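Note sheet for the following structure.
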Amino acid sequence: MADRLLYWKGCMSRLKVKGIADSTMELLDLMGIRYDTLGGDEGCCGSILLRTGYPEEAKKLVRLNISQIGDAGYTKMVTSCPGCYRTFASEYPKMIAADLPFNVQHISQLLSENLGALRNKLKPLKMDVVYHDPCHLGRHMGIYEEPRRLIKAIPGIRLAEFRQNRSLALCCGSGGGVRSALPDVSTAVAKSIIDGPLGPLGVRAIITACPFCYYNFNTAGGVEVIDLPQLLLRSCKGERSNG
Amino acid sequence: MDEWLNKKDLEFREWMLDERRRLGIDRAVKAYVSAKETALQKMPELEEMRKEVRLIKEESIRKMPELAKAAMDAIIDLKGMAYLAKDAESAQEIFKEVVGRGKLVVKSKSLTSEEICLNEALEEAGNTVYETDLGEFIIQLRKEKPSHIINPSVHVPREEVAKTFSQLLKREVRPDINGLVSVAREFLREKFCTADVGITGANVVAAKTGTIFIIENEGNARFVSNAPPIHIAITGMEKVVPTLSDAFKVVQVLPPYATGVLMAAYVSLITGPSKTADIEKTIVYGAHGPKELHLVLLDNGRTEMAKSPDFREALYCLRCGGCMYECPVYRILGGSFGNNYFGGIGIIWSYFTRGPEGVAAAINACTKCRRCKAVCPLEIDVPKMVETLKSRLVRDGYSHPRHREIMESIAKNKNPFGLER
Ligand code: SF4
């Protein structure tokens with residue numbers, strides 16, 4: 001039986017930064033990867049509940065989500081949000097003390113796996129960028145190379161590195177429920193990266209692979225922020241970067 | 001809004017808006033990060049050693065009560081005095097008893113003494129207390145609270161230090177770092193020699209021999225522990241390890257992670273009070289060093305931590321302070337991100353040693369980014385503990401109103417933003 005893929009948008013890409021979900025779907029279409037979404041039936045992965053002190057409430061969602069996705073016959077699931085990815089892939093199995101009936105990936109993994117199908121579609125993009133490792137994707141899940149591999153696949157792009165990267169990358173400041181409880185703190189942390197280690201790199205844009213990082217860096221302002229699938233789509237379309 | 005939240009919000013705001021403090025922290029973080037990088041490169045052997053230290057700490061915490069007792073017995077055998085203080089109040093009582101009233105007390109840095117509000121207690125009892133660690137001295141004069149466990153005045157830039165010293169000496173002191181250090185040196189030298197009591201912390205204690213280790217760079221702890229006739233050391237009971245060789249491993253791992261040096265300038269090993277038998281082989285205590293040695297081991301919530309599978313790991317902490325410098329949020333919130341102890345690990349210690357009130361709001365600033373775990377020599381899983389503590393606090397009524405709204409919105413609308421389905 002063929003794999004059936006679900007694209008789990010996650011609350012941020014679904015409702016706050018829809019551009020991320022739209023670009024992701026457009027890119028998947030372009031690559032000929034078939035997927036479904038749950039549309040209005042998509043729920044919450046529970047990550048934010050786990051971070052803000054409501055593990056019992058999160059547990060209720062776990063069973064709900066697993067049966068919703070499993071019963072619909074999906075064998076694979078891909079997320080835009082590293083938070084959803086970590087929660088499904090690493091925390092759900094612990095909470096139910098069993099493997100999930102479907103495989104979970106972050107979008108960077110799925111795209112990287114299908115780089116063959118993507119590569120010949122990528123058109124040159126003359127841009128100096130830096131990749132920001134999202135905490136949930138990097139330190140929590142150990143995914144450091146896939147996003148870099150994808151960025152470097154774009155002809156003409158120059159990928160710089162923060163002095164402290166991968167497991168030592170700085171947090172953008174929005175995780176763990178901080179953005180909702182203390183928005184000024186989140187913004188100040190992001191700003192301290194933009195005003196601090198970003199400057200000497202002389203890049204035009206920060207590439208993220210997380211809608212929370214994307215949103216938070218944008219709020220802090222002063223630099224162009226591009227989510228990974230957005231960047232790849234831009235390259236596919238041969239769009240000249242503005243500016 | 002609840003009082004406990006309000007108070008912390010104001011404190012956060014104050015730190016965020018204070019450019020001078022940010023400048024101080026920025027400079028310190030930069031200096032620390034590059035010094036540590038160099039030190040770790042030069043000492044690849046630390047990779048193995050820090051793993052050994054982790055095992056030593058695991059064993060030590062497993063045997064914490066026995067080791068504390070063994071260390072105390074050893075010190076008493078040596079004609080020193082040793083105490084196990086169950087909480088801050090009883091520790092204060094021990095100090096008041098030993099120090100007495102109207103005494104001149106010199107201290108080297110000890111966060112454990114801050115934990116029990118020792119200075120306040122001693123001053124209330126009519127004693128004069130001088131902090132002699134430069135950083136502590138600065139903030140004592142400024143009547144501030146420490147903002148970092150290794151570098152308590154991390155938030156005070158040189159220009160501010162100059163102002164403080166000018167006030168102390170009632171003459172103009174220039175903001176030249178060398179000159180500022182000399183000012184402190186001259187002022188404190190006389191205090192060391194005339195003090196009645198010296199109080200230090202202890203970075204590690206070897207149980208079998210009852211040896212107290214004090215690690216420092218300034219040399220003040222040597223004076224404090226040696227010049228006055230009475231030396232009292234205070235430390236958490238989690239600092240006791242089985243043997244001298246265990247303690248030496250801790251001593252090797254701590255300095256590079258604490259200050260980016262290969263080794264601290266001074267490590268004092270103290271095994272009992274000063275003594276001589278040079279006249280007729282008769283032992284007399286208090287030859288050149290202190291006649292009395294007292295060790296106060298502090299429990300104050302540590303036994304409870306040791307028993308808890310969720311929080312035991314916090315006791316492995318060597319208090320190098322590295323994770324604070326490396327914390328992206330600490331860089332913004334400094335000394336307001338915690339309560340006596342700082343950063344994620346500090347929130348755990350504060351909760352157990354000082355209760356929920358002081359951390360219930362600060363905990364909301366932790367992004368659980370896990371950077372602290374990545375840089376910790378013992379790889380202590382702080383974010384996991386913070387998450388568990390957060391749920392405990394919520395259960396006990398300390399939930400953030402925004403988080404509550406989100407929880408309710410998810411239950412009702414399946415999204416956190418309060419948007420109708
Ligand atoms: S948690 Fe680790 S890095 Fe932080 S102070 Fe303790 S030992 Fe050092």
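Each chain in the structure tokens gets a letter, A, B and so on, in the order shown; residues start at 1 in every chain, and ligands are counted from 1 in the order they appear.
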**Message:** List the spatial neighbours of range 313-323 of chain B as a list in words - criterion: any atom at most 7 Å away, only C-alpha atoms, same-chain residues fewer than 4 positions off excluded.
**Reply:**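 Surrounding residues, per the criterion: Lys57, Glu58, Ile149, Ile150, Glu238, Leu254, Tyr257, Ala258, Cys327, Ile345, Cys372, Val375, Cys376 and Ile380 of chain B.
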Same residues, N, CA, C and O atoms, saved as a compact mmCIF listing (two decimals), in the first residue's frame:
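Done, and the output landed in again.txt:
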```txt
# COMPACT_ATOMS: atom_id res chain seq x y z
N LYS B 57 29.12 12.81 41.04
CA LYS B 57 27.99 13.53 41.63
C LYS B 57 26.77 12.62 41.77
O LYS B 57 26.05 12.69 42.76
N GLU B 58 26.56 11.76 40.79
CA GLU B 58 25.42 10.85 40.89
C GLU B 58 25.55 9.99 42.14
O GLU B 58 24.60 9.82 42.91
N ILE B 149 26.12 34.04 39.70
CA ILE B 149 26.65 33.30 40.83
C ILE B 149 28.17 33.33 40.92
O ILE B 149 28.73 33.16 41.98
N ILE B 150 28.83 33.52 39.80
CA ILE B 150 30.30 33.57 39.84
C ILE B 150 30.77 35.02 39.81
O ILE B 150 31.72 35.41 40.48
N GLU B 238 24.97 19.04 49.29
CA GLU B 238 25.19 18.32 48.03
C GLU B 238 26.63 18.46 47.55
O GLU B 238 27.04 17.80 46.59
N LEU B 254 35.78 22.54 37.24
CA LEU B 254 35.08 23.79 37.57
C LEU B 254 35.69 25.06 36.96
O LEU B 254 34.98 25.82 36.29
N TYR B 257 35.06 26.03 33.16
CA TYR B 257 33.66 26.33 32.89
C TYR B 257 33.17 27.57 33.65
O TYR B 257 32.25 28.24 33.22
N ALA B 258 33.79 27.85 34.77
CA ALA B 258 33.34 28.99 35.58
C ALA B 258 33.86 30.30 35.03
O ALA B 258 33.11 31.26 34.87
N CYS B 327 22.89 31.69 28.58
CA CYS B 327 21.43 31.72 28.44
C CYS B 327 20.99 32.97 27.69
O CYS B 327 21.29 34.09 28.12
N ILE B 345 18.56 26.70 35.91
CA ILE B 345 18.96 25.90 37.06
C ILE B 345 18.67 26.67 38.34
O ILE B 345 18.25 26.11 39.36
N CYS B 372 21.32 25.65 27.88
CA CYS B 372 22.00 25.41 29.16
C CYS B 372 22.49 23.97 29.25
O CYS B 372 23.58 23.71 29.74
N VAL B 375 25.65 23.40 27.13
CA VAL B 375 26.93 23.95 27.59
C VAL B 375 27.33 23.44 28.97
O VAL B 375 28.45 23.67 29.41
N CYS B 376 26.43 22.75 29.66
CA CYS B 376 26.71 22.32 31.04
C CYS B 376 27.75 21.20 31.06
O CYS B 376 27.62 20.22 30.34
N ILE B 380 23.36 18.66 32.60
CA ILE B 380 22.16 18.62 33.43
C ILE B 380 20.95 19.07 32.60
O ILE B 380 21.00 20.10 31.95
```
**Message:** Run DSSP on the backbone and tell me which residues of range 74-250 of chain B come out as strand (DSSP E); list them as number ranges by chain.
**Reply:** B: 81-85, 104-107, 128-131, 197-200, 204-206, 211-216, 230-236, 240-241
**Asked** Running DSSP on the backbone, which parts of range 16-216 of chain A land in helix (DSSP H, G or I), as a PyMOL selection string?
**Response** chain A and resi 16+18-31+39-41+47-51+55-71+82-96+107-113+115-119+145-152+166-168+178-181+183-195+199-201+211-216
Proximity of chain A to chain B: per-residue shortest pair, 7 Å limit, only C-alpha atoms, as JSON lines:
```
{"residue": "A:Cys11", "atom": "CA", "partner": "B:Asn415", "partner_atom": "CA", "distance": 6.2}
{"residue": "A:Gly43", "atom": "CA", "partner": "B:Lys414", "partner_atom": "CA", "distance": 5.0}
{"residue": "A:Cys44", "atom": "CA", "partner": "B:Lys414", "partner_atom": "CA", "distance": 5.6}
{"residue": "A:Leu49", "atom": "CA", "partner": "B:Met407", "partner_atom": "CA", "distance": 6.5}
{"residue": "A:Arg51", "atom": "CA", "partner": "B:Glu387", "partner_atom": "CA", "distance": 6.0}
{"residue": "A:Thr52", "atom": "CA", "partner": "B:His403", "partner_atom": "CA", "distance": 6.4}
{"residue": "A:Gly53", "atom": "CA", "partner": "B:Ser391", "partner_atom": "CA", "distance": 3.6}
{"residue": "A:Tyr54", "atom": "CA", "partner": "B:Ser391", "partner_atom": "CA", "distance": 6.0}
{"residue": "A:Pro55", "atom": "CA", "partner": "B:Ser391", "partner_atom": "CA", "distance": 7.0}
{"residue": "A:Cys135", "atom": "CA", "partner": "B:Cys369", "partner_atom": "CA", "distance": 5.3}
{"residue": "A:Arg139", "atom": "CA", "partner": "B:Arg370", "partner_atom": "CA", "distance": 6.6}
{"residue": "A:Ser167", "atom": "CA", "partner": "B:Ala374", "partner_atom": "CA", "distance": 6.5}
{"residue": "A:Leu168", "atom": "CA", "partner": "B:Arg371", "partner_atom": "CA", "distance": 6.4}
{"residue": "A:Leu170", "atom": "CA", "partner": "B:Pro328", "partner_atom": "CA", "distance": 6.3}
{"residue": "A:Cys171", "atom": "CA", "partner": "B:Cys369", "partner_atom": "CA", "distance": 6.0}
{"residue": "A:Gly173", "atom": "CA", "partner": "B:Thr367", "partner_atom": "CA", "distance": 6.3}
{"residue": "A:Ser174", "atom": "CA", "partner": "B:Thr367", "partner_atom": "CA", "distance": 6.6}
{"residue": "A:Gly175", "atom": "CA", "partner": "B:Thr367", "partner_atom": "CA", "distance": 4.6}
{"residue": "A:Gly176", "atom": "CA", "partner": "B:Thr367", "partner_atom": "CA", "distance": 4.2}
{"residue": "A:Gly177", "atom": "CA", "partner": "B:Thr367", "partner_atom": "CA", "distance": 6.9}
{"residue": "A:Val178", "atom": "CA", "partner": "B:Ala365", "partner_atom": "CA", "distance": 5.5}
{"residue": "A:Ser180", "atom": "CA", "partner": "B:Arg402", "partner_atom": "CA", "distance": 6.4}
{"residue": "A:Ala181", "atom": "CA", "partner": "B:Arg402", "partner_atom": "CA", "distance": 5.7}
{"residue": "A:Leu182", "atom": "CA", "partner": "B:Ala365", "partner_atom": "CA", "distance": 6.9}
{"residue": "A:Ala188", "atom": "CA", "partner": "B:Ile332", "partner_atom": "CA", "distance": 7.0}
{"residue": "A:Val189", "atom": "CA", "partner": "B:Val329", "partner_atom": "CA", "distance": 6.5}
```
At a cut-off of 12 Å, using only C-alpha atoms, what residues contact Asn103 in chain A? Leave out same-chain residues fewer than 2 positions from it and give the result as a tab-separated table (two decimals) with C-alpha atoms, in the first residue's frame.
```tsv
chain	number	residue	atom	x	y	z
A	3	ASP	CA	2.17	5.88	1.78
A	4	ARG	CA	-0.42	8.51	2.50
A	5	LEU	CA	1.06	11.80	3.60
A	6	LEU	CA	-0.55	14.33	5.88
A	7	TYR	CA	0.73	17.90	6.00
A	66	ILE	CA	-3.28	9.96	17.09
A	69	ILE	CA	-4.60	10.80	11.94
A	70	GLY	CA	-4.18	7.04	12.23
A	73	GLY	CA	-5.18	6.01	7.14
A	74	TYR	CA	-2.17	8.33	7.04
A	75	THR	CA	1.15	6.56	7.29
A	76	LYS	CA	3.31	9.67	7.15
A	77	MET	CA	2.97	13.12	8.50
A	78	VAL	CA	5.03	16.24	7.93
A	79	THR	CA	5.00	19.44	9.97
A	85	TYR	CA	7.46	17.79	15.10
A	88	PHE	CA	4.56	14.24	17.88
A	89	ALA	CA	7.82	12.44	17.13
A	90	SER	CA	9.48	12.43	20.50
A	92	TYR	CA	3.81	11.38	22.03
A	93	PRO	CA	5.49	7.96	22.03
A	99	ASP	CA	5.12	3.84	18.81
A	100	LEU	CA	2.87	6.04	16.73
A	101	PRO	CA	0.94	4.33	13.92
A	105	GLN	CA	8.94	14.29	9.85
A	106	HIS	CA	9.77	17.94	9.83
A	109	GLN	CA	13.63	16.27	6.41
A	110	LEU	CA	10.98	15.49	3.81
```
**Item:** Pick from A:Leu232, A:Gly83, A:Cys172, A:Cys45 nearest to Leu115 in chain A, counting only C-alpha atoms
**Value:** A:Leu232
**Prompt:** Do you know which residues are at most 6 Å from Cys236 in chain A counting only C-alpha atoms, after dropping those on the same chain fewer than 3 positions away, and could you put them as a PyMOL selection string?
**Reply:** chain A and resi 121-123+233
**Request:** May I have the residues within 8 Å of range 224-229 of chain A as a list in words, using only C-alpha atoms and disregarding those fewer than 4 positions away in the same chain?
**Result:**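 My reading of the contact set: Ile20, Ser23, Thr24, Leu27, Ser108, Pro147, Ile151, Arg204, Ala205, Ile206, Ile207, Thr208, Ala209, Cys210, Pro211, Tyr214, Phe217, Asn218 and Leu233 of chain A.
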Output N, CA and C atoms of each residue in that selection to a file, as an mmCIF file, in the first residue's frame.
```cif
data_model
loop_
_atom_site.group_PDB
_atom_site.id
_atom_site.type_symbol
_atom_site.label_atom_id
_atom_site.label_comp_id
_atom_site.auth_asym_id
_atom_site.auth_seq_id
_atom_site.Cartn_x
_atom_site.Cartn_y
_atom_site.Cartn_z
ATOM 1 N N ILE A 20 3.612 30.757 5.357
ATOM 2 C CA ILE A 20 4.479 29.580 5.488
ATOM 3 C C ILE A 20 3.750 28.338 4.982
ATOM 4 N N SER A 23 3.202 28.594 1.101
ATOM 5 C CA SER A 23 4.423 28.301 0.326
ATOM 6 C C SER A 23 4.763 26.828 0.393
ATOM 7 N N THR A 24 4.584 26.250 1.566
ATOM 8 C CA THR A 24 4.920 24.839 1.731
ATOM 9 C C THR A 24 4.064 23.988 0.793
ATOM 10 N N LEU A 27 5.062 24.466 -2.793
ATOM 11 C CA LEU A 27 6.324 23.784 -3.078
ATOM 12 C C LEU A 27 6.097 22.280 -3.230
ATOM 13 N N SER A 108 11.805 20.003 6.694
ATOM 14 C CA SER A 108 13.177 20.031 6.188
ATOM 15 C C SER A 108 13.680 18.616 5.893
ATOM 16 N N PRO A 147 18.338 21.273 6.804
ATOM 17 C CA PRO A 147 18.030 22.619 6.292
ATOM 18 C C PRO A 147 19.221 23.234 5.563
ATOM 19 N N ILE A 151 19.417 24.651 1.670
ATOM 20 C CA ILE A 151 19.785 26.031 1.323
ATOM 21 C C ILE A 151 20.951 26.023 0.344
ATOM 22 N N ARG A 204 21.849 39.312 4.084
ATOM 23 C CA ARG A 204 20.621 40.037 3.803
ATOM 24 C C ARG A 204 19.439 39.442 4.570
ATOM 25 N N ALA A 205 19.472 38.133 4.802
ATOM 26 C CA ALA A 205 18.278 37.512 5.375
ATOM 27 C C ALA A 205 18.629 36.400 6.353
ATOM 28 N N ILE A 206 17.735 36.208 7.331
ATOM 29 C CA ILE A 206 17.818 35.046 8.212
ATOM 30 C C ILE A 206 16.848 34.001 7.674
ATOM 31 N N ILE A 207 17.346 32.793 7.481
ATOM 32 C CA ILE A 207 16.466 31.701 7.084
ATOM 33 C C ILE A 207 16.103 30.916 8.344
ATOM 34 N N THR A 208 14.820 30.722 8.546
ATOM 35 C CA THR A 208 14.385 29.915 9.682
ATOM 36 C C THR A 208 13.675 28.689 9.139
ATOM 37 N N ALA A 209 13.427 27.740 10.017
ATOM 38 C CA ALA A 209 12.613 26.595 9.629
ATOM 39 C C ALA A 209 11.573 26.398 10.720
ATOM 40 N N CYS A 210 11.089 27.502 11.253
ATOM 41 C CA CYS A 210 10.147 27.450 12.368
ATOM 42 C C CYS A 210 9.270 28.698 12.335
ATOM 43 N N PRO A 211 7.952 28.504 12.328
ATOM 44 C CA PRO A 211 7.061 29.666 12.270
ATOM 45 C C PRO A 211 7.161 30.579 13.493
ATOM 46 N N TYR A 214 10.271 32.634 12.911
ATOM 47 C CA TYR A 214 9.937 33.538 11.809
ATOM 48 C C TYR A 214 9.156 34.738 12.342
ATOM 49 N N PHE A 217 11.402 36.926 14.928
ATOM 50 C CA PHE A 217 12.434 37.761 14.278
ATOM 51 C C PHE A 217 11.776 38.897 13.501
ATOM 52 N N ASN A 218 10.636 38.595 12.855
ATOM 53 C CA ASN A 218 9.932 39.638 12.123
ATOM 54 C C ASN A 218 9.441 40.739 13.051
ATOM 55 N N LEU A 233 10.867 27.925 -2.568
ATOM 56 C CA LEU A 233 9.846 28.262 -3.552
ATOM 57 C C LEU A 233 10.293 29.467 -4.373
#
```
**Prompt:** Closest to ligand 1 among B:Thr164, B:Asn300, B:Asn203, B:Thr271, using only C-alpha atoms and all ligand atoms?
**Reply:**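 Of B:Thr164, B:Asn300, B:Asn203, B:Thr271, the one nearest ligand 1 is B:Asn203, counting only C-alpha atoms and all ligand atoms.
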**Prompt:** When distances are computed from only C-alpha atoms, which of A:Arg149, A:Arg158, A:Lys237, A:Lys59 shows the smallest separation from Val130 in chain A?
**Reply:**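 Result for the nearest residue to Val130 in chain A: A:Arg158.
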**Asked** Of the candidates B:Arg27, B:Arg171, B:His155, B:Lys239, which shows the shortest atom-to-atom distance to ligand 1, using only C-alpha atoms and all ligand atoms?
**Response**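 Checking each candidate against ligand 1, we get B:Lys239 as the closest.
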**Request:** Kindly indicate which residue among B:Ala68, B:Ala85, B:Val261, B:Ala91 lies nearest to Val33 in chain B, using only C-alpha atoms for the distances.
**Result:** B:Val261
**Message:** For Leu23 in chain B, find every residue with an atom within 9 Å (counting only C-alpha atoms), except residues of its own chain fewer than 5 positions away, and show them as an MDAnalysis selection string.
**Reply:** chainID B and resid 18 28 155:157
